[in-house]
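Trainee: I'd like to ask some things about the structure below.
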Amino acid sequence: MHYSDTAYRSDKIPDLPPAPAGNSGFWAQMGLRAGRKLHYNNKEVLQTDLALRWKPSEIRAQEQEPASSMLDNFCTHERISTVQPPFWFRLIIFLEMFARWGIGPFVVIAFLVDNYIFFSGVFPQNKEHSYFSIDSFQTTIFMLGVALTLALPAYIIGEVLPRLNIRLNAFPVFELNRCTGMVTVYRKGKLYYSHPFVEFDAYLGTLADHQGSPHYFMNLVHRYHQYDRACGLSDLTSRIYREDNIYTLWPMIQQYMDVTRPLPDMLFLEPYRQLDPTTKAHDAATGRPERYWRDMSDEEYERIIHQRDAEQRQALKRDGLQ
């Protein structure tokens, strides 16, 4: 592995022209550049949301079966990338969730009510109420059939296709390449644009969800173009209701892209540390154990991560960022 001439080096940032005047106007702040602009820095943090996505026992299991690794197409020593399933796949998942949590509770409640009415003798045993009971049972059975029909495609995808070793294609969304220093964004699976990392600015934005709770996101926006799609880095995290997840995500991304610094010291990157030249040299000089995270128990690992999380949140409060 080697780094290209375009790789991001924090100690050799080229002279760049200022951003166009239009990037700071009202309409720019209403678009992809909405929110607070975050600065470049050399802080070393632990992005705890990503850290807790895997456990040491899971990484050890993947080492035994590397072909089935959950980290494939996500993050290695060379690139961070995200993919998106095709629309029809997302529609199937939505229908399955609707069947499970929308129709499912109705079917269960209706079945219990039908049985109670039928066997308790609440209604008199006459022809009119007999028809009511039969119609009610038929409606419940019909709704059960609808739910099963909607859930069947998701079952086939989740249970049958893996046994047949059939993989579904997914479309790339964006890629951060450590080796080349390039940020690449795709539209509908096709290349939209690609520029050096140093030409991008990060913006922390806030929206309100349907309950009025704050919803945080971070866009990596190219400084010199008015693209209508950003590199949405907050897609990497799940707990987007915590602002500090964004403040720790941005320094982690900077460290990952900076080839003068080692890879962020995180569990899911540990299997790749010896494959990255800068990281390998750093670990040899500092005596870092090669399997520091992977040989921990899950309980000890979670305790350390939660402790670091609390410490970082306190630090952010002292800095006035939370």
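Here, A, B, ... name the chains of the structure tokens in the order displayed, residue numbers run from 1 inside each chain, and ligands are numbered from 1 in the same displayed order.
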I'd like the contact shell of Gly145 (chain A) - 12 Å cut-off, only C-alpha atoms, skipping same-chain residues fewer than 5 positions apart - returned as a PyMOL selection string.
Mentor: chain A and resi 99+103-104+107+138-140+150-152
Trainee: Leaving out Pro153 (chain A) and any residue of its chain fewer than 4 positions from it, which residues lie within 8 Å of it when counting only C-alpha atoms, given as a list of chain:residue names?
Mentor: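 Neighbouring residues, sequence-local ones excluded: A:Ile92, A:Thr149, A:Ile157.
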Trainee: Can you check which residues of region 140-292 of chain A DSSP gives as alpha helix (DSSP H) on the backbone and send them as a PyMOL selection string?
Mentor: chain A and resi 140-155+161-163+244-257+277-286
